[in-house]
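Structure file query.pdb (PDB, C-alpha atoms) is printed below.
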ATOM      1  CA  MET A   1       0.000   0.000   0.000
ATOM      2  CA  LYS A   2       2.897   2.344   0.681
ATOM      3  CA  THR A   3       4.144   1.867  -2.882
ATOM      4  CA  PHE A   4       0.687   2.667  -4.257
ATOM      5  CA  MET A   5       0.525   5.831  -2.141
ATOM      6  CA  ARG A   6       3.993   6.877  -3.357
ATOM      7  CA  VAL A   7       2.875   6.409  -6.969
ATOM      8  CA  ALA A   8      -0.334   8.348  -6.241
ATOM      9  CA  ASP A   9       1.693  11.161  -4.640
ATOM     10  CA  LEU A  10       4.035  11.258  -7.650
ATOM     11  CA  LEU A  11       1.085  11.390 -10.084
ATOM     12  CA  LEU A  12      -0.464  14.138  -7.953
ATOM     13  CA  ALA A  13       2.728  16.204  -8.195
ATOM     14  CA  ILE A  14       2.931  15.610 -11.964
ATOM     15  CA  ALA A  15      -0.726  16.633 -12.393
ATOM     16  CA  LYS A  16      -0.125  19.854 -10.457
ATOM     17  CA  ILE A  17       2.958  20.753 -12.519
ATOM     18  CA  LEU A  18       1.271  19.952 -15.846
ATOM     19  CA  THR A  19      -1.804  21.952 -14.817
ATOM     20  CA  VAL A  20       0.323  25.017 -14.074
ATOM     21  CA  ILE A  21       2.211  24.666 -17.368
ATOM     22  CA  LEU A  22      -1.013  24.240 -19.351
ATOM     23  CA  MET A  23      -2.638  27.197 -17.567
ATOM     24  CA  ALA A  24       0.345  29.358 -18.507
ATOM     25  CA  GLY A  25       0.161  28.126 -22.106
ATOM     26  CA  MET A  26      -3.570  28.751 -22.288
ATOM     27  CA  THR A  27      -3.163  32.253 -20.865
ATOM     28  CA  ILE A  28      -0.411  33.081 -23.354
ATOM     29  CA  SER A  29      -2.490  31.690 -26.209
ATOM     30  CA  ILE A  30      -5.500  33.808 -25.251
ATOM     31  CA  LEU A  31      -3.409  36.944 -24.754
ATOM     32  CA  LEU A  32      -1.751  36.464 -28.156
ATOM     33  CA  GLY A  33      -5.152  36.012 -29.772
ATOM     34  CA  VAL A  34      -6.517  39.188 -28.183
ATOM     35  CA  PHE A  35      -3.362  41.170 -28.970
ATOM     36  CA  PHE A  36      -3.289  40.203 -32.651
ATOM     37  CA  ARG A  37      -7.033  40.659 -33.098
ATOM     38  CA  PHE A  38      -7.496  44.020 -31.365
ATOM     39  CA  VAL A  39      -4.066  45.686 -31.337
ATOM     40  CA  VAL A  40      -2.443  44.500 -34.545
ATOM     41  CA  SER A  41      -5.795  44.019 -36.365
ATOM     42  CA  ASP A  42      -4.479  40.845 -37.975
ATOM     43  CA  PRO A  43      -6.052  37.944 -36.025
ATOM     44  CA  LEU A  44      -4.289  34.620 -35.671
ATOM     45  CA  SER A  45      -6.371  31.524 -36.349
ATOM     46  CA  TRP A  46      -4.750  29.078 -33.911
ATOM     47  CA  PRO A  47      -5.000  30.666 -30.410
ATOM     48  CA  PRO A  48      -8.694  29.859 -29.758
ATOM     49  CA  GLU A  49      -8.210  26.229 -30.772
ATOM     50  CA  ALA A  50      -5.012  25.855 -28.738
ATOM     51  CA  ALA A  51      -6.665  27.432 -25.677
ATOM     52  CA  ARG A  52      -9.688  25.140 -26.017
ATOM     53  CA  PHE A  53      -7.519  22.015 -26.230
ATOM     54  CA  MET A  54      -5.434  23.127 -23.244
ATOM     55  CA  MET A  55      -8.596  23.839 -21.249
ATOM     56  CA  VAL A  56      -9.788  20.249 -21.789
ATOM     57  CA  ALA A  57      -6.400  18.889 -20.691
ATOM     58  CA  ILE A  58      -6.423  21.151 -17.616
ATOM     59  CA  THR A  59      -9.902  19.938 -16.701
ATOM     60  CA  MET A  60      -8.871  16.288 -16.914
ATOM     61  CA  LEU A  61      -5.553  16.656 -15.074
ATOM     62  CA  ALA A  62      -6.780  19.057 -12.397
ATOM     63  CA  GLY A  63      -9.710  16.711 -11.824
ATOM     64  CA  SER A  64      -7.284  14.178 -10.369
ATOM     65  CA  VAL A  65      -5.955  16.818  -7.972
ATOM     66  CA  ALA A  66      -9.505  17.681  -6.906
ATOM     67  CA  VAL A  67     -10.339  13.997  -6.366
ATOM     68  CA  ARG A  68      -7.348  13.504  -4.092
ATOM     69  CA  GLN A  69      -7.874  16.695  -2.102
ATOM     70  CA  LEU A  70     -11.665  16.173  -1.850
ATOM     71  CA  ASP A  71     -12.198  19.504  -3.575
ATOM     72  CA  HIS A  72     -14.982  18.370  -5.910
ATOM     73  CA  VAL A  73     -18.424  19.742  -5.226
ATOM     74  CA  GLY A  74     -20.391  17.518  -2.896
ATOM     75  CA  VAL A  75     -23.700  17.810  -1.103
ATOM     76  CA  THR A  76     -23.340  15.840   2.106
ATOM     77  CA  PHE A  77     -25.915  17.366   4.417
ATOM     78  CA  LEU A  78     -28.100  14.214   4.264
ATOM     79  CA  VAL A  79     -25.162  11.870   4.688
ATOM     80  CA  ASP A  80     -23.799  13.949   7.577
ATOM     81  CA  SER A  81     -27.079  13.502   9.480
ATOM     82  CA  VAL A  82     -26.922   9.682   9.555
ATOM     83  CA  PRO A  83     -24.928   7.496  11.969
ATOM     84  CA  PRO A  84     -21.205   7.089  11.226
ATOM     85  CA  ARG A  85     -21.564   3.497   9.925
ATOM     86  CA  LEU A  86     -24.176   4.544   7.377
ATOM     87  CA  ARG A  87     -22.104   7.587   6.479
ATOM     88  CA  PHE A  88     -19.120   5.341   5.772
ATOM     89  CA  ALA A  89     -21.285   3.000   3.664
ATOM     90  CA  ALA A  90     -22.499   5.986   1.607
ATOM     91  CA  TYR A  91     -18.879   7.065   1.183
ATOM     92  CA  ILE A  92     -17.889   3.621  -0.131
ATOM     93  CA  VAL A  93     -20.904   3.383  -2.475
ATOM     94  CA  GLY A  94     -20.105   6.832  -3.891
ATOM     95  CA  LEU A  95     -16.466   5.899  -4.488
ATOM     96  CA  VAL A  96     -17.384   2.587  -6.131
ATOM     97  CA  LEU A  97     -19.816   4.315  -8.506
ATOM     98  CA  THR A  98     -17.230   6.980  -9.301
ATOM     99  CA  ALA A  99     -14.571   4.299  -9.908
ATOM    100  CA  LEU A 100     -16.886   2.465 -12.306
ATOM    101  CA  PHE A 101     -17.530   5.661 -14.247
ATOM    102  CA  LEU A 102     -13.812   6.487 -14.398
ATOM    103  CA  ALA A 103     -12.914   2.958 -15.502
ATOM    104  CA  LEU A 104     -15.426   3.215 -18.355
ATOM    105  CA  LEU A 105     -14.050   6.646 -19.231
ATOM    106  CA  VAL A 106     -10.500   5.255 -19.364
ATOM    107  CA  VAL A 107     -11.517   2.387 -21.658
ATOM    108  CA  TYR A 108     -13.681   4.354 -24.071
ATOM    109  CA  SER A 109     -11.501   7.461 -24.205
ATOM    110  CA  PHE A 110      -8.463   5.235 -24.806
ATOM    111  CA  ARG A 111     -10.292   3.689 -27.752
ATOM    112  CA  LEU A 112     -11.283   7.132 -29.040
ATOM    113  CA  THR A 113      -7.720   8.385 -28.690
ATOM    114  CA  PHE A 114      -6.006   5.541 -30.512
ATOM    115  CA  GLU A 115      -8.679   4.502 -33.013
ATOM    116  CA  ALA A 116     -10.239   7.799 -34.105
ATOM    117  CA  GLY A 117      -7.420  10.156 -33.110
ATOM    118  CA  PRO A 118      -4.918   9.128 -35.794
ATOM    119  CA  LEU A 119      -7.561   9.608 -38.486
ATOM    120  CA  GLN A 120      -8.189  13.272 -37.626
ATOM    121  CA  ARG A 121      -6.199  16.488 -37.514
ATOM    122  CA  ALA A 122      -6.937  19.688 -35.627
ATOM    123  CA  PRO A 123      -8.264  22.223 -38.136
ATOM    124  CA  THR A 124      -5.954  25.170 -37.454
ATOM    125  CA  LEU A 125      -3.063  23.615 -35.515
ATOM    126  CA  GLY A 126      -2.752  20.645 -37.860
ATOM    127  CA  ILE A 127      -1.711  18.253 -35.085
ATOM    128  CA  PRO A 128      -3.126  14.728 -34.884
ATOM    129  CA  MET A 129      -6.169  14.574 -32.612
ATOM    130  CA  THR A 130      -4.479  11.698 -30.774
ATOM    131  CA  VAL A 131      -2.399  14.365 -29.018
ATOM    132  CA  VAL A 132      -5.536  16.296 -28.075
ATOM    133  CA  PHE A 133      -7.610  13.261 -27.064
ATOM    134  CA  PHE A 134      -4.809  11.737 -24.937
ATOM    135  CA  SER A 135      -5.642  13.994 -21.993
ATOM    136  CA  MET A 136      -8.945  12.130 -21.515
ATOM    137  CA  PRO A 137      -7.660   8.593 -20.766
ATOM    138  CA  LEU A 138      -4.642  10.024 -18.954
ATOM    139  CA  GLY A 139      -6.743  12.289 -16.743
ATOM    140  CA  ALA A 140      -9.347   9.583 -16.066
ATOM    141  CA  PHE A 141      -6.599   7.100 -15.136
ATOM    142  CA  MET A 142      -4.988   9.671 -12.833
ATOM    143  CA  MET A 143      -8.394  10.352 -11.234
ATOM    144  CA  LEU A 144      -8.850   6.619 -10.687
ATOM    145  CA  VAL A 145      -5.469   6.366  -8.961
ATOM    146  CA  GLN A 146      -6.236   9.406  -6.800
ATOM    147  CA  LEU A 147      -9.641   7.936  -5.968
ATOM    148  CA  GLY A 148      -7.842   4.858  -4.597
ATOM    149  CA  ALA A 149      -5.535   7.063  -2.538
ATOM    150  CA  SER A 150      -8.504   9.106  -1.346
ATOM    151  CA  LEU A 151     -10.271   5.880  -0.317
ATOM    152  CA  SER A 152      -7.252   4.803   1.708
ATOM    153  CA  GLU A 153      -7.113   8.179   3.442
ATOM    154  CA  GLY A 154     -10.910   8.189   3.978
ATOM    155  CA  ILE A 155     -10.773   4.788   5.662
ATOM    156  CA  LYS A 156      -8.049   6.045   7.997
ATOM    157  CA  ARG A 157     -10.129   9.134   8.822
ATOM    158  CA  ALA A 158     -13.213   6.998   9.491
ATOM    159  CA  ARG A 159     -11.253   4.624  11.733
ATOM    160  CA  SER A 160     -10.039   7.549  13.793
ATOM    161  CA  GLY A 161     -13.644   8.696  14.307
ATOM    162  CA  ASN A 162     -13.667  11.516  11.743
ATOM    163  CA  SER A 163     -15.873  11.866   8.691
ATOM    164  CA  PRO A 164     -14.405  10.188   5.584
ATOM    165  CA  PHE A 165     -15.706  13.178   3.558
ATOM    166  CA  GLU A 166     -13.555  15.803   5.293
ATOM    167  CA  ALA A 167     -10.056  16.166   3.908
ATOM    168  CA  GLY A 168      -8.245  18.157   6.571
ATOM    169  CA  GLU A 169      -4.600  17.174   6.544
ATOM    170  CA  THR A 170      -3.370  14.329   4.352
ATOM    171  CA  VAL A 171      -3.209  11.173   6.438
ATOM    172  CA  ALA A 172       0.248   9.590   6.448
TER     173      ALA A 172
END

For this file, write the structure as structure tokens.
Amino acid sequence: MKTFMRVADLLLAIAKILTVILMAGMTISILLGVFFRFVVSDPLSWPPEAARFMMVAITMLAGSVAVRQLDHVGVTFLVDSVPPRLRFAAYIVGLVLTALFLALLVVYSFRLTFEAGPLQRAPTLGIPMTVVFFSMPLGAFMMLVQLGASLSEGIKRARSGNSPFEAGETVA
């Protein structure tokens, strides 16, 4: 389990770094598009497409960070009102359903990426769509790994008498 948590921590760090790099790239792309359109009056065709592709990649990669840090939106007022055992059962059911969805997303987005991706090119950037689509199976896989790490940490929180839904400090 310690090895799995080390891998999850490494993937978390990679996701954070890639998210920052992609955010910087998206910001630069948007600023270039605005500058050339409104200042130079000679608009570039590629910045909107590049920004859109980077935004999708950011969403998928940052999603794994949010899963690990329990930062996704959640409505738990009903679950919080039930006894701790029932609360823990609801936590497990929610994670299992999420894991099933993410596993399906990994499989089908992987197929999309490597079956349809090579057959298409981005209209203005001209890159193969495999490059663009790859963020989907990668992000879903990273979310699945972080979900496992989050489960491990949630079980530890529940065993110590705390709610499995509350992140607080990362449990070592």

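Going from CA of Ala158 (chain A) over to CA of Thr59 (chain A), you cover 29.4 Å.
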
| message | Residues near region 60-69 of chain A, anyone? I mean within 6 Å using all atoms listed in the file, not counting same-chain ones fewer than 6 positions away, as a VMD selection string. | response | chain A and resid 15 139 142 to 143 146 150

| request: Would you work out the distance separating CA of Ser135 (chain A) from CA of Ile92 (chain A), expressed in Å to one decimal? | output: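 According to the coordinates, CA of Ser135 (chain A) and CA of Ile92 (chain A) are separated by 27.1 Å.
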
Test item: residues at most 12 Å from Ile155 (chain A), only C-alpha atoms, excluding those fewer than 6 positions along its chain, as an mmCIF file with C-alpha atoms, keeping the file's coordinate frame:
data_model
loop_
_atom_site.group_PDB
_atom_site.id
_atom_site.type_symbol
_atom_site.label_atom_id
_atom_site.label_comp_id
_atom_site.auth_asym_id
_atom_site.auth_seq_id
_atom_site.Cartn_x
_atom_site.Cartn_y
_atom_site.Cartn_z
ATOM 1 C CA ARG A 85 -21.564 3.497 9.925
ATOM 2 C CA ARG A 87 -22.104 7.587 6.479
ATOM 3 C CA PHE A 88 -19.120 5.341 5.772
ATOM 4 C CA ALA A 89 -21.285 3.000 3.664
ATOM 5 C CA TYR A 91 -18.879 7.065 1.183
ATOM 6 C CA ILE A 92 -17.889 3.621 -0.131
ATOM 7 C CA LEU A 95 -16.466 5.899 -4.488
ATOM 8 C CA GLY A 148 -7.842 4.858 -4.597
ATOM 9 C CA ALA A 149 -5.535 7.063 -2.538
ATOM 10 C CA GLY A 161 -13.644 8.696 14.307
ATOM 11 C CA ASN A 162 -13.667 11.516 11.743
ATOM 12 C CA SER A 163 -15.873 11.866 8.691
ATOM 13 C CA PRO A 164 -14.405 10.188 5.584
ATOM 14 C CA PHE A 165 -15.706 13.178 3.558
ATOM 15 C CA GLU A 166 -13.555 15.803 5.293
ATOM 16 C CA ALA A 167 -10.056 16.166 3.908
ATOM 17 C CA VAL A 171 -3.209 11.173 6.438
#

| request: Check the smallest atom-to-atom distance from each of A:Met5, A:Ala122, A:Leu102, A:Leu70 to Leu138 (chain A) using all atoms listed in the file, then report the winner. | output: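 The answer is A:Leu102, which sits nearest to Leu138 (chain A).
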
| Protein/DNA/RNA residues near (-9.5, 31.4, -27.4), cut 10 Å, all atoms listed in the file, as a list of chain:residue names |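 Residues satisfying the cut-off, written out: A:Met26, A:Thr27, A:Ser29, A:Ile30, A:Leu31, A:Leu32, A:Gly33, A:Val34, A:Ser45, A:Trp46, A:Pro47, A:Pro48, A:Glu49, A:Ala50, A:Ala51, A:Arg52, A:Phe53, A:Met55.
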
Would you put the residues from that selection into a file with C-alpha atoms, as a PDB file, in the frame of the given file?
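Ended up saving to part37.pdb:
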ATOM      1  CA  MET A  26      -3.570  28.751 -22.288  1.00  0.00           C
ATOM      2  CA  THR A  27      -3.163  32.253 -20.865  1.00  0.00           C
ATOM      3  CA  SER A  29      -2.490  31.690 -26.209  1.00  0.00           C
ATOM      4  CA  ILE A  30      -5.500  33.808 -25.251  1.00  0.00           C
ATOM      5  CA  LEU A  31      -3.409  36.944 -24.754  1.00  0.00           C
ATOM      6  CA  LEU A  32      -1.751  36.464 -28.156  1.00  0.00           C
ATOM      7  CA  GLY A  33      -5.152  36.012 -29.772  1.00  0.00           C
ATOM      8  CA  VAL A  34      -6.517  39.188 -28.183  1.00  0.00           C
ATOM      9  CA  SER A  45      -6.371  31.524 -36.349  1.00  0.00           C
ATOM     10  CA  TRP A  46      -4.750  29.078 -33.911  1.00  0.00           C
ATOM     11  CA  PRO A  47      -5.000  30.666 -30.410  1.00  0.00           C
ATOM     12  CA  PRO A  48      -8.694  29.859 -29.758  1.00  0.00           C
ATOM     13  CA  GLU A  49      -8.210  26.229 -30.772  1.00  0.00           C
ATOM     14  CA  ALA A  50      -5.012  25.855 -28.738  1.00  0.00           C
ATOM     15  CA  ALA A  51      -6.665  27.432 -25.677  1.00  0.00           C
ATOM     16  CA  ARG A  52      -9.688  25.140 -26.017  1.00  0.00           C
ATOM     17  CA  PHE A  53      -7.519  22.015 -26.230  1.00  0.00           C
ATOM     18  CA  MET A  55      -8.596  23.839 -21.249  1.00  0.00           C
TER      19      MET A  55
END

| task | Report the distance between CA of Ile28 (chain A) and CA of Leu44 (chain A) in Å, rounded to one decimal place. | result |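 Between these atoms lies a distance of 13.0 Å.
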
Would you compute an axis-aligned box for region 15-34 of chain A, covering every atom listed for it in the file with 6 Å of margin on each side, and report centre and edge lengths in Å to one decimal as lines of an AutoDock Vina configuration file?
center_x = -1.8
center_y = 27.9
center_z = -20.1
size_x = 21.5
size_y = 34.6
size_z = 31.3

| remark: Using all atoms listed in the file, the shortest atom-to-atom distance to Arg121 (chain A) among A:Phe38, A:Leu100, A:Phe4, A:Phe133 belongs to A:Phe133

| field | Among listed residues A:Leu112, A:Leu18, A:Leu11, A:Ile58, nearest Phe134 (chain A) (using all atoms listed in the file) | value | A:Leu112

| message | Under the rule that all atoms listed in the file are counted, which of A:Ile14, A:Val56, A:Val39, A:Val132 is the nearest residue to Gln120 (chain A)? | response | A:Val132

| said: Using only C-alpha atoms, can you tell me which of A:Leu144, A:Met1, A:Val82, A:Glu115 comes closest to Thr130 (chain A)? | reply: A:Glu115

| query | Smallest atom-to-atom distance to Arg111 (chain A): which of A:Leu125, A:Asp42, A:Leu12, A:Met136, using all atoms listed in the file? | reply |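 Nearest candidate to Arg111 (chain A) out of A:Leu125, A:Asp42, A:Leu12, A:Met136: A:Met136.
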
Complete region 136-151 of chain A at the level of N, CA, C and O atoms, written as an mmCIF file, keeping the file's coordinate frame.
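Saved as rebuild28.cif:
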data_model
loop_
_atom_site.group_PDB
_atom_site.id
_atom_site.type_symbol
_atom_site.label_atom_id
_atom_site.label_comp_id
_atom_site.auth_asym_id
_atom_site.auth_seq_id
_atom_site.Cartn_x
_atom_site.Cartn_y
_atom_site.Cartn_z
ATOM 1 N N MET A 136 -7.770 12.779 -22.114
ATOM 2 C CA MET A 136 -8.945 12.130 -21.515
ATOM 3 C C MET A 136 -8.595 10.809 -20.820
ATOM 4 O O MET A 136 -8.874 10.659 -19.631
ATOM 5 N N PRO A 137 -7.981 9.818 -21.507
ATOM 6 C CA PRO A 137 -7.660 8.593 -20.766
ATOM 7 C C PRO A 137 -6.600 8.823 -19.684
ATOM 8 O O PRO A 137 -6.665 8.211 -18.614
ATOM 9 N N LEU A 138 -5.663 9.732 -19.957
ATOM 10 C CA LEU A 138 -4.642 10.024 -18.954
ATOM 11 C C LEU A 138 -5.268 10.628 -17.702
ATOM 12 O O LEU A 138 -5.014 10.178 -16.580
ATOM 13 N N GLY A 139 -6.100 11.639 -17.882
ATOM 14 C CA GLY A 139 -6.743 12.289 -16.743
ATOM 15 C C GLY A 139 -7.667 11.346 -15.991
ATOM 16 O O GLY A 139 -7.685 11.328 -14.752
ATOM 17 N N ALA A 140 -8.441 10.528 -16.717
ATOM 18 C CA ALA A 140 -9.347 9.583 -16.066
ATOM 19 C C ALA A 140 -8.562 8.532 -15.280
ATOM 20 O O ALA A 140 -8.943 8.165 -14.163
ATOM 21 N N PHE A 141 -7.447 8.060 -15.856
ATOM 22 C CA PHE A 141 -6.599 7.100 -15.136
ATOM 23 C C PHE A 141 -6.023 7.732 -13.872
ATOM 24 O O PHE A 141 -6.023 7.120 -12.799
ATOM 25 N N MET A 142 -5.549 8.980 -14.003
ATOM 26 C CA MET A 142 -4.988 9.671 -12.833
ATOM 27 C C MET A 142 -6.064 9.898 -11.771
ATOM 28 O O MET A 142 -5.802 9.784 -10.572
ATOM 29 N N MET A 143 -7.299 10.205 -12.199
ATOM 30 C CA MET A 143 -8.394 10.352 -11.234
ATOM 31 C C MET A 143 -8.677 9.033 -10.527
ATOM 32 O O MET A 143 -8.950 9.011 -9.326
ATOM 33 N N LEU A 144 -8.613 7.941 -11.266
ATOM 34 C CA LEU A 144 -8.850 6.619 -10.687
ATOM 35 C C LEU A 144 -7.795 6.295 -9.632
ATOM 36 O O LEU A 144 -8.122 5.799 -8.548
ATOM 37 N N VAL A 145 -6.550 6.591 -9.935
ATOM 38 C CA VAL A 145 -5.469 6.366 -8.961
ATOM 39 C C VAL A 145 -5.694 7.235 -7.727
ATOM 40 O O VAL A 145 -5.597 6.760 -6.587
ATOM 41 N N GLN A 146 -6.027 8.506 -7.936
ATOM 42 C CA GLN A 146 -6.236 9.406 -6.800
ATOM 43 C C GLN A 146 -7.480 9.013 -5.999
ATOM 44 O O GLN A 146 -7.540 9.229 -4.793
ATOM 45 N N LEU A 147 -8.457 8.423 -6.669
ATOM 46 C CA LEU A 147 -9.641 7.936 -5.968
ATOM 47 C C LEU A 147 -9.248 6.807 -5.013
ATOM 48 O O LEU A 147 -9.729 6.742 -3.878
ATOM 49 N N GLY A 148 -8.347 5.924 -5.474
ATOM 50 C CA GLY A 148 -7.842 4.858 -4.597
ATOM 51 C C GLY A 148 -7.100 5.421 -3.400
ATOM 52 O O GLY A 148 -7.275 4.954 -2.270
ATOM 53 N N ALA A 149 -6.271 6.431 -3.639
ATOM 54 C CA ALA A 149 -5.535 7.063 -2.538
ATOM 55 C C ALA A 149 -6.494 7.770 -1.588
ATOM 56 O O ALA A 149 -6.342 7.702 -0.364
ATOM 57 N N SER A 150 -7.501 8.422 -2.157
ATOM 58 C CA SER A 150 -8.504 9.106 -1.346
ATOM 59 C C SER A 150 -9.288 8.105 -0.496
ATOM 60 O O SER A 150 -9.622 8.376 0.660
ATOM 61 N N LEU A 151 -9.579 6.939 -1.059
ATOM 62 C CA LEU A 151 -10.271 5.880 -0.317
ATOM 63 C C LEU A 151 -9.432 5.435 0.870
ATOM 64 O O LEU A 151 -9.937 5.312 1.991
#
